[in-house]
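*Asks:* The following file, run.cif, comprises mmCIF, C-alpha atoms:
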data_coords
loop_
_atom_site.label_atom_id
_atom_site.label_comp_id
_atom_site.auth_asym_id
_atom_site.auth_seq_id
_atom_site.Cartn_x
_atom_site.Cartn_y
_atom_site.Cartn_z
CA MET A 187 -98.01 -165.36 110.63
CA LYS A 188 -96.75 -163.81 107.46
CA THR A 189 -93.82 -162.16 109.25
CA ARG A 190 -92.89 -165.49 110.75
CA SER A 191 -92.79 -167.17 107.38
CA ILE A 192 -90.66 -164.41 105.90
CA LEU A 193 -88.25 -164.59 108.81
CA LEU A 194 -88.04 -168.35 108.51
CA ALA A 195 -87.30 -168.13 104.81
CA GLY A 196 -84.64 -165.52 105.49
CA PHE A 197 -83.13 -167.71 108.16
CA VAL A 198 -82.94 -170.73 105.82
CA LEU A 199 -81.33 -168.60 103.13
CA GLY A 200 -78.87 -167.14 105.62
CA ALA A 201 -77.94 -170.56 106.93
CA PHE A 202 -77.19 -171.74 103.41
CA ALA A 203 -75.12 -168.66 102.68
CA ILE A 204 -73.04 -169.20 105.81
CA THR A 205 -72.55 -172.90 105.08
CA GLY A 206 -71.58 -172.16 101.48
CA VAL A 207 -69.09 -169.47 102.43
CA THR A 208 -67.58 -171.71 105.10
CA LEU A 209 -67.11 -174.56 102.64
CA VAL A 210 -65.48 -172.28 100.08
CA ALA A 211 -63.26 -170.68 102.73
CA VAL A 212 -62.09 -174.05 104.03
CA THR A 213 -61.29 -175.26 100.50
CA HIS A 214 -59.51 -172.02 99.76
CA LEU A 215 -57.33 -172.30 102.85
CA THR A 216 -56.53 -175.91 102.06
CA VAL A 217 -55.43 -175.43 98.46
CA ASP A 218 -54.24 -171.82 98.48
CA GLU A 219 -50.59 -172.65 99.05
CA ARG A 220 -50.70 -175.18 96.26
CA ILE A 221 -52.24 -172.70 93.84
CA VAL A 222 -49.65 -170.02 94.57
CA ASP A 223 -47.00 -172.67 94.14
CA ASN A 224 -48.50 -173.70 90.79
CA GLN A 225 -48.50 -170.13 89.53
CA HIS A 226 -44.94 -169.67 90.69
CA GLN A 227 -43.78 -172.86 89.01
CA ALA A 228 -45.62 -172.13 85.77
CA MET A 229 -43.93 -168.73 85.61
CA GLN A 230 -40.54 -170.22 86.43
CA ARG A 231 -40.94 -172.80 83.67
CA LYS A 232 -41.76 -170.01 81.23
CA LEU A 233 -38.79 -167.94 82.38
CA ALA A 234 -36.44 -170.91 82.10
CA THR A 235 -37.22 -171.26 78.38
CA ILE A 236 -36.13 -167.72 77.58
CA LEU A 237 -33.07 -167.39 79.81
CA PRO A 238 -29.63 -168.94 79.31
CA ALA A 239 -29.51 -172.09 81.41
CA GLY A 240 -27.39 -172.20 84.53
CA GLN A 241 -26.13 -168.62 84.31
CA SER A 242 -28.09 -167.09 87.15
CA ASP A 243 -28.46 -167.79 90.84
CA ASN A 244 -31.29 -165.55 92.03
CA ASP A 245 -35.07 -165.92 91.95
CA PRO A 246 -36.23 -163.36 89.39
CA LEU A 247 -39.81 -163.68 90.60
CA ALA A 248 -38.76 -162.29 93.98
CA ASP A 249 -36.28 -159.76 92.56
CA ARG A 250 -38.66 -157.55 90.65
CA ILE A 251 -39.66 -153.93 90.26
CA GLN A 252 -42.54 -152.16 88.59
CA VAL A 253 -41.85 -149.62 85.89
CA HIS A 254 -44.02 -147.02 84.26
CA ALA A 255 -43.41 -146.74 80.51
CA PRO A 256 -46.70 -147.03 78.63
CA ASP A 257 -45.19 -145.62 75.41
CA PHE A 258 -42.70 -148.46 75.16
CA LEU A 259 -44.34 -151.34 76.99
CA GLY A 260 -47.97 -150.76 76.04
CA ILE A 261 -49.22 -151.01 79.60
CA ASP A 262 -49.36 -148.57 82.46
CA THR A 263 -47.17 -150.50 84.86
CA SER A 264 -45.11 -153.47 83.83
CA GLN A 265 -43.21 -155.95 85.97
CA VAL A 266 -39.48 -156.19 85.45
CA TYR A 267 -37.86 -159.37 86.75
CA ARG A 268 -34.14 -159.05 87.25
CA VAL A 269 -31.89 -162.03 86.66
CA ARG A 270 -28.46 -161.96 88.27
CA LYS A 271 -25.48 -164.13 89.05
CA GLY A 272 -24.08 -162.88 92.34
CA ASP A 273 -23.98 -159.12 91.85
CA GLU A 274 -23.57 -159.32 88.08
CA PRO A 275 -26.68 -158.49 86.03
CA VAL A 276 -27.54 -161.25 83.55
CA ALA A 277 -30.88 -160.28 82.04
CA VAL A 278 -34.17 -158.51 82.60
CA VAL A 279 -37.54 -160.04 81.83
CA LEU A 280 -40.41 -157.69 81.01
CA GLU A 281 -44.11 -158.20 80.44
CA PRO A 282 -44.99 -155.80 77.65
CA VAL A 283 -48.46 -155.73 76.15
CA VAL A 284 -49.06 -155.46 72.42
CA PRO A 285 -51.98 -153.03 72.30
CA ASP A 286 -52.74 -153.44 68.59
CA GLY A 287 -53.21 -157.18 68.12
CA TYR A 288 -55.77 -158.27 65.54
CA ALA A 289 -58.32 -159.23 68.19
CA GLY A 290 -57.28 -157.34 71.28
CA PRO A 291 -54.18 -156.95 73.40
CA ILE A 292 -51.46 -159.63 73.39
CA LYS A 293 -49.43 -160.17 76.54
CA LEU A 294 -45.78 -160.99 76.01
CA LEU A 295 -42.90 -162.15 78.13
CA VAL A 296 -39.61 -160.77 76.79
CA SER A 297 -36.17 -161.45 78.20
CA VAL A 298 -33.33 -159.10 77.30
CA LEU A 299 -29.82 -160.19 78.14
CA HIS A 300 -27.38 -157.69 79.58
CA ASP A 301 -25.58 -157.28 76.24
CA GLY A 302 -28.84 -156.13 74.62
CA THR A 303 -29.69 -159.34 72.75
CA LEU A 304 -33.02 -161.09 73.18
CA GLY A 305 -33.05 -164.15 75.40
CA GLY A 306 -36.42 -165.00 73.97
CA VAL A 307 -40.02 -163.96 73.52
CA ARG A 308 -43.13 -165.87 74.60
CA VAL A 309 -46.81 -165.09 74.31
CA LEU A 310 -48.57 -165.19 77.67
CA SER A 311 -52.11 -164.59 76.41
CA HIS A 312 -53.83 -163.53 73.23
CA HIS A 313 -57.16 -163.60 71.40
CA GLU A 314 -55.87 -164.05 67.85
CA THR A 315 -57.71 -166.14 65.25
CA PRO A 316 -57.17 -169.88 65.73
CA GLY A 317 -55.28 -171.31 62.79
CA LEU A 318 -54.02 -167.92 61.58
CA GLY A 319 -52.81 -165.47 64.20
CA ASP A 320 -52.35 -168.09 66.89
CA LYS A 321 -49.14 -169.29 65.22
CA ILE A 322 -47.47 -166.90 67.65
CA GLU A 323 -47.80 -169.64 70.28
CA GLU A 324 -44.67 -171.71 70.45
CA SER A 325 -46.77 -174.87 70.53
CA LYS A 326 -48.28 -174.03 67.14
CA SER A 327 -45.27 -172.78 65.19
CA ASP A 328 -41.63 -171.85 65.76
CA TRP A 329 -42.14 -168.25 64.65
CA VAL A 330 -41.73 -166.74 68.10
CA LEU A 331 -38.47 -168.64 68.63
CA HIS A 332 -36.77 -166.62 65.91
CA PHE A 333 -36.52 -163.62 68.20
CA GLN A 334 -33.85 -165.33 70.26
CA GLY A 335 -30.43 -163.72 69.77
CA LYS A 336 -31.78 -160.71 67.87
CA SER A 337 -30.90 -157.21 69.03
CA LEU A 338 -31.32 -153.59 67.94
CA THR A 339 -28.18 -153.91 65.78
CA ASP A 340 -28.96 -157.37 64.40
CA PRO A 341 -31.06 -156.77 62.38
CA PRO A 342 -30.54 -153.00 62.20
CA LEU A 343 -33.33 -150.87 63.56
CA GLU A 344 -34.94 -150.12 60.19
CA LYS A 345 -35.25 -153.85 59.49
CA TRP A 346 -37.33 -154.44 62.65
CA SER A 347 -40.56 -155.13 60.80
CA VAL A 348 -42.23 -157.97 58.90
CA LYS A 349 -41.02 -158.89 55.40
CA ARG A 350 -44.08 -157.37 53.77
CA ASP A 351 -42.99 -154.02 55.21
CA GLY A 352 -39.41 -154.55 54.02
CA GLY A 353 -38.13 -155.99 57.29
CA GLU A 354 -36.49 -159.17 58.51
CA PHE A 355 -39.32 -161.03 60.17
CA ASP A 356 -41.74 -163.50 58.62
CA GLN A 357 -45.44 -162.83 58.59
CA PHE A 358 -48.04 -165.60 58.35
CA THR A 359 -50.11 -166.35 55.29
CA GLY A 360 -53.40 -164.60 55.94
CA ALA A 361 -52.23 -162.89 59.11
CA THR A 362 -49.87 -159.95 58.89
CA ILE A 363 -51.28 -157.72 61.59
CA THR A 364 -50.44 -160.03 64.48
CA PRO A 365 -46.72 -160.53 63.65
CA ARG A 366 -46.34 -156.89 62.66
CA SER A 367 -47.58 -155.61 66.00
CA ILE A 368 -45.54 -158.13 67.98
CA VAL A 369 -42.32 -157.27 66.13
CA ASN A 370 -43.02 -153.64 66.86
CA ALA A 371 -43.67 -154.28 70.54
CA VAL A 372 -40.49 -156.34 70.94
CA LYS A 373 -38.52 -153.56 69.23
CA ASN A 374 -39.98 -150.98 71.62
CA THR A 375 -39.11 -153.18 74.59
CA LEU A 376 -35.50 -153.42 73.40
CA ILE A 377 -35.35 -149.65 72.93
CA TYR A 378 -36.72 -149.15 76.42
CA VAL A 379 -34.19 -151.52 77.99
CA ARG A 380 -31.30 -149.85 76.12
CA GLN A 381 -32.54 -146.43 77.17
CA GLN A 382 -32.82 -147.44 80.84
CA GLY A 383 -29.54 -149.33 80.91
CA ASP A 384 -28.34 -150.38 84.34
CA ARG A 385 -31.10 -148.44 86.06
CA LEU A 386 -33.28 -151.52 85.62
CA PHE A 387 -30.83 -153.50 87.76
CA VAL A 388 -30.74 -151.21 90.77
CA PRO A 389 -31.38 -153.47 93.77
CA VAL A 390 -34.73 -153.18 95.47
CA ASP A 391 -34.54 -150.61 98.24
CA THR A 392 -35.40 -152.80 101.21
CA SER A 393 -36.45 -149.84 103.35
CA THR A 394 -39.56 -149.31 101.20
CA PRO A 395 -40.44 -152.72 99.82
CA ALA A 396 -44.14 -152.03 99.53
CA THR A 397 -43.83 -149.27 96.94
CA VAL A 398 -41.30 -151.12 94.82
CA GLN A 399 -42.69 -154.62 94.82
CA GLY A 400 -46.33 -153.67 94.66
CA LYS A 401 -48.89 -156.31 93.98
CA SER A 402 -48.39 -159.04 91.47
CA MET B 153 -93.94 -186.93 89.94
CA SER B 154 -95.63 -189.51 92.14
CA ALA B 155 -93.60 -192.70 91.80
CA SER B 156 -89.83 -192.35 91.68
CA LYS B 157 -88.19 -193.40 88.46
CA SER B 158 -86.24 -196.62 88.20
CA VAL B 159 -82.46 -196.58 88.15
CA LYS B 160 -82.47 -197.77 84.55
CA THR B 161 -84.77 -194.97 83.40
CA ILE B 162 -82.67 -192.34 85.16
CA VAL B 163 -79.49 -193.51 83.49
CA SER B 164 -80.94 -193.94 80.02
CA GLU B 165 -82.76 -190.61 80.14
CA GLY B 166 -79.73 -188.76 81.47
CA VAL B 167 -77.28 -190.19 79.00
CA TRP B 168 -79.43 -190.60 75.91
CA THR B 169 -83.18 -190.11 75.54
CA ASN B 170 -83.33 -186.84 77.47
CA ASN B 171 -79.69 -185.82 76.98
CA GLN B 172 -79.61 -182.26 78.26
CA SER B 173 -77.19 -181.07 75.61
CA LEU B 174 -78.68 -182.79 72.54
CA VAL B 175 -82.38 -182.95 73.40
CA ALA B 176 -83.04 -180.17 75.92
CA LEU B 177 -80.28 -178.02 74.37
CA LEU B 178 -79.40 -176.59 77.76
CA GLY B 179 -76.01 -175.22 78.72
CA LEU B 180 -75.15 -174.22 75.18
CA CYS B 181 -72.76 -171.44 76.15
CA PRO B 182 -70.04 -173.71 77.57
CA LEU B 183 -70.90 -176.39 75.04
CA LEU B 184 -70.21 -174.15 72.07
CA ALA B 185 -67.41 -172.10 73.57
CA THR B 186 -65.13 -174.69 75.12
CA THR B 187 -65.31 -177.53 72.63
CA THR B 188 -62.33 -176.50 70.54
CA SER B 189 -60.64 -179.80 71.38
CA ALA B 190 -61.60 -183.16 72.85
CA THR B 191 -59.43 -182.46 75.91
CA ASN B 192 -61.16 -179.16 76.62
CA GLY B 193 -64.55 -180.77 76.15
CA LEU B 194 -63.69 -183.61 78.49
CA GLY B 195 -62.29 -181.23 81.14
CA MET B 196 -65.35 -179.02 80.96
CA GLY B 197 -67.64 -182.05 81.04
CA LEU B 198 -65.97 -183.54 84.09
CA ALA B 199 -66.05 -180.22 85.96
CA THR B 200 -69.74 -179.82 85.13
CA THR B 201 -70.46 -183.40 86.21
CA ALA B 202 -68.71 -182.86 89.53
CA VAL B 203 -70.73 -179.71 90.23
CA LEU B 204 -73.96 -181.31 89.04
CA THR B 205 -73.59 -184.43 91.18
CA CYS B 206 -72.68 -182.46 94.30
CA SER B 207 -75.46 -179.93 93.83
CA ASN B 208 -78.05 -182.62 93.06
CA GLY B 209 -77.08 -184.52 96.19
CA THR B 210 -77.18 -181.43 98.38
CA VAL B 211 -80.45 -180.12 96.99
CA SER B 212 -82.04 -183.53 97.55
CA LEU B 213 -80.68 -183.74 101.10
CA VAL B 214 -82.18 -180.42 102.09
CA ARG B 215 -85.39 -180.67 100.04
CA HIS B 216 -87.60 -180.82 103.15
CA LEU B 217 -85.82 -177.91 104.83
CA VAL B 218 -85.97 -175.43 102.01
CA ARG B 219 -89.13 -173.37 101.87
CA PRO B 220 -90.52 -173.17 98.36
CA GLU B 221 -90.34 -169.37 98.19
CA VAL B 222 -86.57 -169.29 98.68
CA ARG B 223 -85.68 -172.49 96.87
CA ILE B 224 -84.19 -170.84 93.77
CA PRO B 225 -81.77 -168.57 95.70
CA VAL B 226 -80.81 -171.56 97.83
CA TYR B 227 -80.06 -173.63 94.72
CA VAL B 228 -77.99 -170.80 93.30
CA LEU B 229 -76.04 -170.57 96.57
CA VAL B 230 -75.41 -174.31 96.63
CA ILE B 231 -74.33 -174.36 92.97
CA ALA B 232 -72.13 -171.28 93.30
CA SER B 233 -70.37 -172.76 96.33
CA PHE B 234 -69.62 -176.00 94.52
CA VAL B 235 -68.44 -174.21 91.39
CA THR B 236 -66.02 -172.11 93.43
CA ILE B 237 -64.74 -175.23 95.15
CA VAL B 238 -64.29 -177.06 91.84
CA GLU B 239 -62.51 -174.01 90.46
CA LEU B 240 -60.10 -173.89 93.41
CA VAL B 241 -59.45 -177.62 93.30
CA MET B 242 -58.82 -177.41 89.58
CA GLN B 243 -56.33 -174.59 90.06
CA ALA B 244 -54.57 -176.68 92.66
CA PHE B 245 -54.40 -179.95 90.76
CA PHE B 246 -54.94 -179.22 87.06
CA TYR B 247 -53.41 -175.78 86.79
CA GLU B 248 -52.58 -175.95 83.06
CA MET B 249 -56.07 -177.17 82.26
CA TYR B 250 -57.48 -174.37 84.38
CA LEU B 251 -55.53 -171.85 82.33
CA VAL B 252 -57.15 -173.20 79.17
CA LEU B 253 -60.74 -173.39 80.44
CA GLY B 254 -60.36 -170.38 82.74
CA LEU B 255 -63.45 -168.24 82.63
CA PHE B 256 -65.79 -171.04 81.60
CA ILE B 257 -65.36 -172.88 84.88
CA SER B 258 -66.92 -169.96 86.77
CA LEU B 259 -69.66 -169.87 84.19
CA ILE B 260 -70.81 -173.34 85.25
CA VAL B 261 -72.82 -171.38 87.83
CA VAL B 262 -75.18 -170.18 85.14
CA ASN B 263 -75.33 -173.49 83.29
CA CYS B 264 -79.07 -174.18 83.03
CA ILE B 265 -78.56 -177.94 83.17
CA ILE B 266 -77.52 -177.74 86.80
CA ILE B 267 -80.30 -175.57 88.15
CA GLY B 268 -82.70 -177.42 85.86
CA ARG B 269 -81.85 -180.79 87.41
CA ALA B 270 -81.98 -179.30 90.91
CA GLU B 271 -85.47 -177.95 90.33
CA SER B 272 -86.98 -180.72 88.24
CA PHE B 273 -85.37 -183.79 89.77
CA ALA B 274 -83.24 -183.42 92.90
CA SER B 275 -85.83 -181.39 94.81
CA LYS B 276 -88.38 -184.21 94.43
CA ASN B 277 -86.32 -187.36 94.79
CA ARG B 278 -84.27 -189.39 97.25
CA VAL B 279 -80.59 -188.58 97.68
CA ASP B 280 -79.28 -191.73 96.02
CA LEU B 281 -81.47 -191.20 92.95
CA ALA B 282 -80.52 -187.52 92.79
CA LEU B 283 -76.82 -188.38 92.88
CA LEU B 284 -77.33 -190.98 90.17
CA ASP B 285 -79.28 -188.49 88.07
CA GLY B 286 -76.46 -185.95 88.45
CA LEU B 287 -73.90 -188.52 87.33
CA ALA B 288 -76.00 -189.73 84.40
CA VAL B 289 -76.91 -186.27 83.12
CA GLY B 290 -73.31 -185.14 83.64
CA LEU B 291 -72.02 -188.16 81.75
CA GLY B 292 -74.44 -187.50 78.89
CA SER B 293 -73.26 -183.92 78.68
CA THR B 294 -69.60 -184.92 78.92
CA LEU B 295 -70.08 -187.34 76.05
CA VAL B 296 -71.49 -184.60 73.85
CA LEU B 297 -68.79 -182.09 74.87
CA THR B 298 -65.99 -184.57 74.20
CA THR B 299 -67.44 -185.79 70.91
CA LEU B 300 -68.06 -182.28 69.62
CA GLY B 301 -64.59 -181.21 70.80
CA GLY B 302 -62.98 -184.21 69.11
CA LEU B 303 -64.92 -183.61 65.91
CA ARG B 304 -63.96 -179.94 65.68
CA GLU B 305 -60.37 -180.66 66.60
CA LEU B 306 -60.12 -183.42 64.00
CA VAL B 307 -61.50 -181.28 61.18
CA ALA B 308 -59.52 -178.19 62.14
CA GLN B 309 -56.14 -179.59 63.15
CA GLY B 310 -56.14 -183.27 62.29
CA THR B 311 -55.68 -184.41 65.88
CA ILE B 312 -57.84 -185.89 68.63
CA PHE B 313 -57.07 -185.41 72.32
CA TYR B 314 -54.16 -183.09 71.58
CA GLN B 315 -52.56 -182.04 74.90
CA ALA B 316 -54.54 -184.65 76.83
CA GLU B 317 -51.66 -184.70 79.33
CA LEU B 318 -52.91 -181.36 80.72
CA LEU B 319 -55.90 -183.20 82.11
CA LEU B 320 -54.83 -186.81 82.48
CA GLY B 321 -51.15 -186.52 83.30
CA GLU B 322 -48.38 -188.21 81.31
CA ALA B 323 -50.61 -191.20 80.59
CA GLY B 324 -52.85 -188.86 78.60
CA LYS B 325 -50.22 -188.56 75.89
CA ALA B 326 -51.07 -192.09 74.81
CA LEU B 327 -54.59 -190.88 73.99
CA THR B 328 -53.43 -188.25 71.55
CA LEU B 329 -54.07 -189.24 67.97
CA ASN B 330 -52.32 -187.29 65.25
CA PHE B 331 -53.35 -187.73 61.65
CA GLY B 332 -50.42 -186.22 59.83
CA ASN B 333 -48.53 -183.06 60.61
CA ASP B 334 -49.05 -181.30 57.28
CA TYR B 335 -52.81 -181.51 57.50
CA GLN B 336 -54.25 -178.22 56.31
CA GLY B 337 -57.29 -177.99 58.54
CA ALA B 338 -60.65 -176.48 57.81
CA LEU B 339 -60.40 -173.46 60.04
CA ILE B 340 -64.14 -172.98 60.29
CA ALA B 341 -64.51 -176.02 62.52
CA ILE B 342 -62.65 -174.38 65.38
CA LEU B 343 -64.33 -170.99 64.97
CA PRO B 344 -67.76 -170.33 66.52
CA PRO B 345 -69.77 -171.31 63.39
CA GLY B 346 -68.08 -174.71 63.49
CA ALA B 347 -69.51 -175.25 66.95
CA PHE B 348 -73.06 -174.65 65.74
CA ILE B 349 -72.60 -176.80 62.64
CA GLY B 350 -71.01 -179.58 64.68
CA LEU B 351 -73.78 -179.51 67.26
CA GLY B 352 -76.39 -179.58 64.50
CA LEU B 353 -74.73 -182.64 62.97
CA LEU B 354 -74.62 -184.40 66.34
CA ILE B 355 -78.33 -183.73 66.93
CA ALA B 356 -79.12 -185.03 63.45
CA LEU B 357 -77.02 -188.12 64.11
CA LYS B 358 -78.83 -188.81 67.38
CA ASN B 359 -82.22 -188.41 65.68
CA LEU B 360 -81.15 -190.78 62.91
CA ILE B 361 -80.07 -193.41 65.41
CA ASP B 362 -83.32 -192.99 67.34
CA ARG B 363 -85.42 -193.32 64.19
CA HIS B 364 -83.53 -196.40 63.17
CA ALA B 365 -84.09 -197.89 66.63
CA ARG B 366 -87.82 -197.08 66.48
CA ARG B 367 -88.21 -198.77 63.10
CA ARG B 368 -86.58 -201.91 64.38
CA ALA B 369 -88.48 -201.97 67.65
CA PRO B 370 -91.98 -202.72 66.20
CA ALA B 371 -90.46 -205.27 63.86
CA ARG B 372 -88.97 -207.13 66.78
CA ALA B 373 -92.20 -206.86 68.76
CA ALA B 374 -94.12 -208.34 65.83
CA LYS B 375 -91.61 -211.11 65.42
CA ALA B 376 -91.58 -212.19 69.05
CA PRO B 377 -95.14 -213.64 69.26
CA VAL B 378 -94.59 -215.55 66.04
CA GLU B 379 -91.58 -217.26 67.50
CA ALA B 380 -93.51 -218.01 70.64
CA GLN B 381 -96.16 -219.75 68.59
CA ALA B 382 -93.65 -221.71 66.61
CA HIS B 383 -92.16 -223.14 69.75
CA PRO B 384 -95.03 -223.93 72.08
CA ALA B 385 -93.93 -224.76 75.58
#
Would you mind writing the file out in C-alpha cells?
*Replies:*
Amino acid sequence: MKTRSILLAGFVLGAFAITGVTLVAVTHLTVDERIVDNQHQAMQRKLATILPAGQSDNDPLADRIQVHAPDFLGIDTSQVYRVRKGDEPVAVVLEPVVPDGYAGPIKLLVSVLHDGTLGGVRVLSHHETPGLGDKIEESKSDWVLHFQGKSLTDPPLEKWSVKRDGGEFDQFTGATITPRSIVNAVKNTLIYVRQQGDRLFVPVDTSTPATVQGKS
Amino acid sequence: MSASKSVKTIVSEGVWTNNQSLVALLGLCPLLATTTSATNGLGMGLATTAVLTCSNGTVSLVRHLVRPEVRIPVYVLVIASFVTIVELVMQAFFYEMYLVLGLFISLIVVNCIIIGRAESFASKNRVDLALLDGLAVGLGSTLVLTTLGGLRELVAQGTIFYQAELLLGEAGKALTLNFGNDYQGALIAILPPGAFIGLGLLIALKNLIDRHARRRAPARAAKAPVEAQAHPA
C-alpha cells in the first residue's frame, strides 16, 4: 500500500515535469528565432552608433574572429568584428573588458577605424554606482562620446589619462576610478589594434570555420 | 477555509487589506532590487502578475490530482515553467526591458508571494476565484512596485517613468515626466538603503490611511441610525 502511494506520487510529479518541459520547449521553439533576431538587431544598432554611416557593406556580426590578448583587452578571448567595404578594411570593433572598474568589470564596445582613430566607445554592461560612475552610459552623460576621433597620437600617448592624473580626459565629480580605468582600457585597445595592424583583417579561413568563429 | 470568499473580498484583500508586499512583506528581494524606476517596477510587477495568475489557475485546476505529499514540488515545477515562458516571451517582445530586468525575471521563481498564493489560496479554491486572486494580488504588488519605483526615481533623478517606451512602446514616451534637467538628485534614493526607506514610508502611509478609515467608520455607523430615526418611513 505504501509502495503504491509512493509510486503514484512519483508518477504525478513526473507527469508535471514532462508537461512543464513540453510547454517551455514549445515556447522556446516558437520565439527562439525572434530572440536571436532581437539580439542581432540590438547589437547592430549599437554598432551603427560607433561606425561611420554608409561606409561599409558587410555584416560585421558575421565577419568576426576571436583573439587572445588578455594583457590588452582584459579578457581571455575577445570578439573582433571586421567592418569592410568590398575588400577594403574600414574598421574593427572589439569587446574589451575593463577589469578594474569601481564595482567590478565593465564591458566595452570599441570601434577603431583603419587609420587608427576611434570610431566610438560604448559601455555594454557595468556595475558602477548609480548617479556617480554610471555617467559612462551615453544615456546619462556625453562623457563616453568624447572618445570619438581620438587616437594614440591625438592626444599623445602620455596624455591618455584623466585630468587629475595630468591627462586629457574628464573625470566625474566623486568618481575618478571609473573614468580612469576606462581611459586606460581604451588606450590598451588602441595599442593592441596598432600592434596587430592588418592581421586583424585577414579573412576568415572558410576551411576551418568552427575554430575561427567559435561560439558567440 | 470552508466557504469560498466573495469576489469583492478577494479583490480588496489582494490589492489592499492583505497586500502581499505591504502587509505580508513577501517577495522583498525583487521589490527592493528592481524598483530603481517606475518603469522597472511596472515591468517587474506585470511579469510577476502574469506568472502568479497562470500558476494560480493551474494549481487550482489540478488541486484534486496532486497528492498532498508532492504538492510543493509540483507547485515549484508549475511556477518554474511559467517563469521560463514569461522570460522567453519577454526576450522576444520586450527585449530592451528584459536587458534591464534580466536576472530578476528568473528570480520570480523564488518569489514567496507566488508559492504562498498557490498553497494558501489556489489549492483550496475554484479556478475562477484562483485566477481572480492571482490578478488581484499581482495588481496589488504591481501598484507597490510602481509606486516605490516612481518615488525613488523622482527623488534620485527628478523623473517619473523615464524610458517607459522600453515597456510600452512609443506611446510610453508620453508617460515620462521630467521635472527639470539640472535636478541634483538625492543619490541615496536609488541605492539599496533608499529602497528600504521608501518601502518603510509606503507601509507607514498605508497604515495611516487605514487608521484614518477606521476612525471614520464607527462615526458613520453611529450616524446612520440617527438619520434613520429622523426620517421614519
*Asks:* If we count all atoms listed in the file, what is near Ile267 (chain B) at a cut-off of 8 Å, once residues fewer than 3 positions away on the same chain are taken out, given as a list in words?
*Replies:*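 My list of contacting residues is Tyr227, Val228, Ile231, Asn263, Cys264, Ala270 and Glu271 of chain B.
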*Asks:* Show me the residues around (-61.3, -167.6, 68.4) - criterion: an atom at most 6 Å away, all atoms listed in the file counted - as a PyMOL selection string.
*Replies:* (chain A and resi 315-316) or (chain B and resi 343)
*Asks:* The PyMOL selection byres ((chain B and resi 318-335) around 12) - which residues does that actually catch in the file I just gave you? List them as a VMD selection string.
*Replies:* (chain A and resid 317 326 to 327) or (chain B and resid 189 to 199 242 to 243 245 to 253 302 305 to 317 336 to 339)
*Asks:* Find the residues around Ala176 (chain B) up to 12 Å (all atoms listed in the file counted), leave out those fewer than 4 positions away in its own chain, and share them as a PyMOL selection string.
*Replies:* chain B and resi 165-172+180+264-265+268-269+289+292-293+355
*Asks:* One decimal, Å: what's the distance from CA of Ile292 (chain A) over to CA of Gly346 (chain B), could you say?
*Replies:*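 Rounded to one decimal, the two atoms are 24.5 Å apart.
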*Asks:* Evaluated on this file, the PyMOL selection byres ((chain A) within 7 of (chain B)) picks out some residues - which ones are they, written as a list in words?
*Replies:* Ala195, Val198, Leu199, Phe202, Ala203, Gly206, Val210, Thr213, His214, Val217, Arg220, Ile221, Asn224 and Gly317 of chain A
*Asks:* Can you tell me which residues surround region 281-290 of chain A at a distance of at most 10 Å, considering only C-alpha atoms, apart from same-chain residues fewer than 3 positions away, and format the answer as a PyMOL selection string?
*Replies:* chain A and resi 255-256+258-267+293-297+307-315+319+361-372+374-375
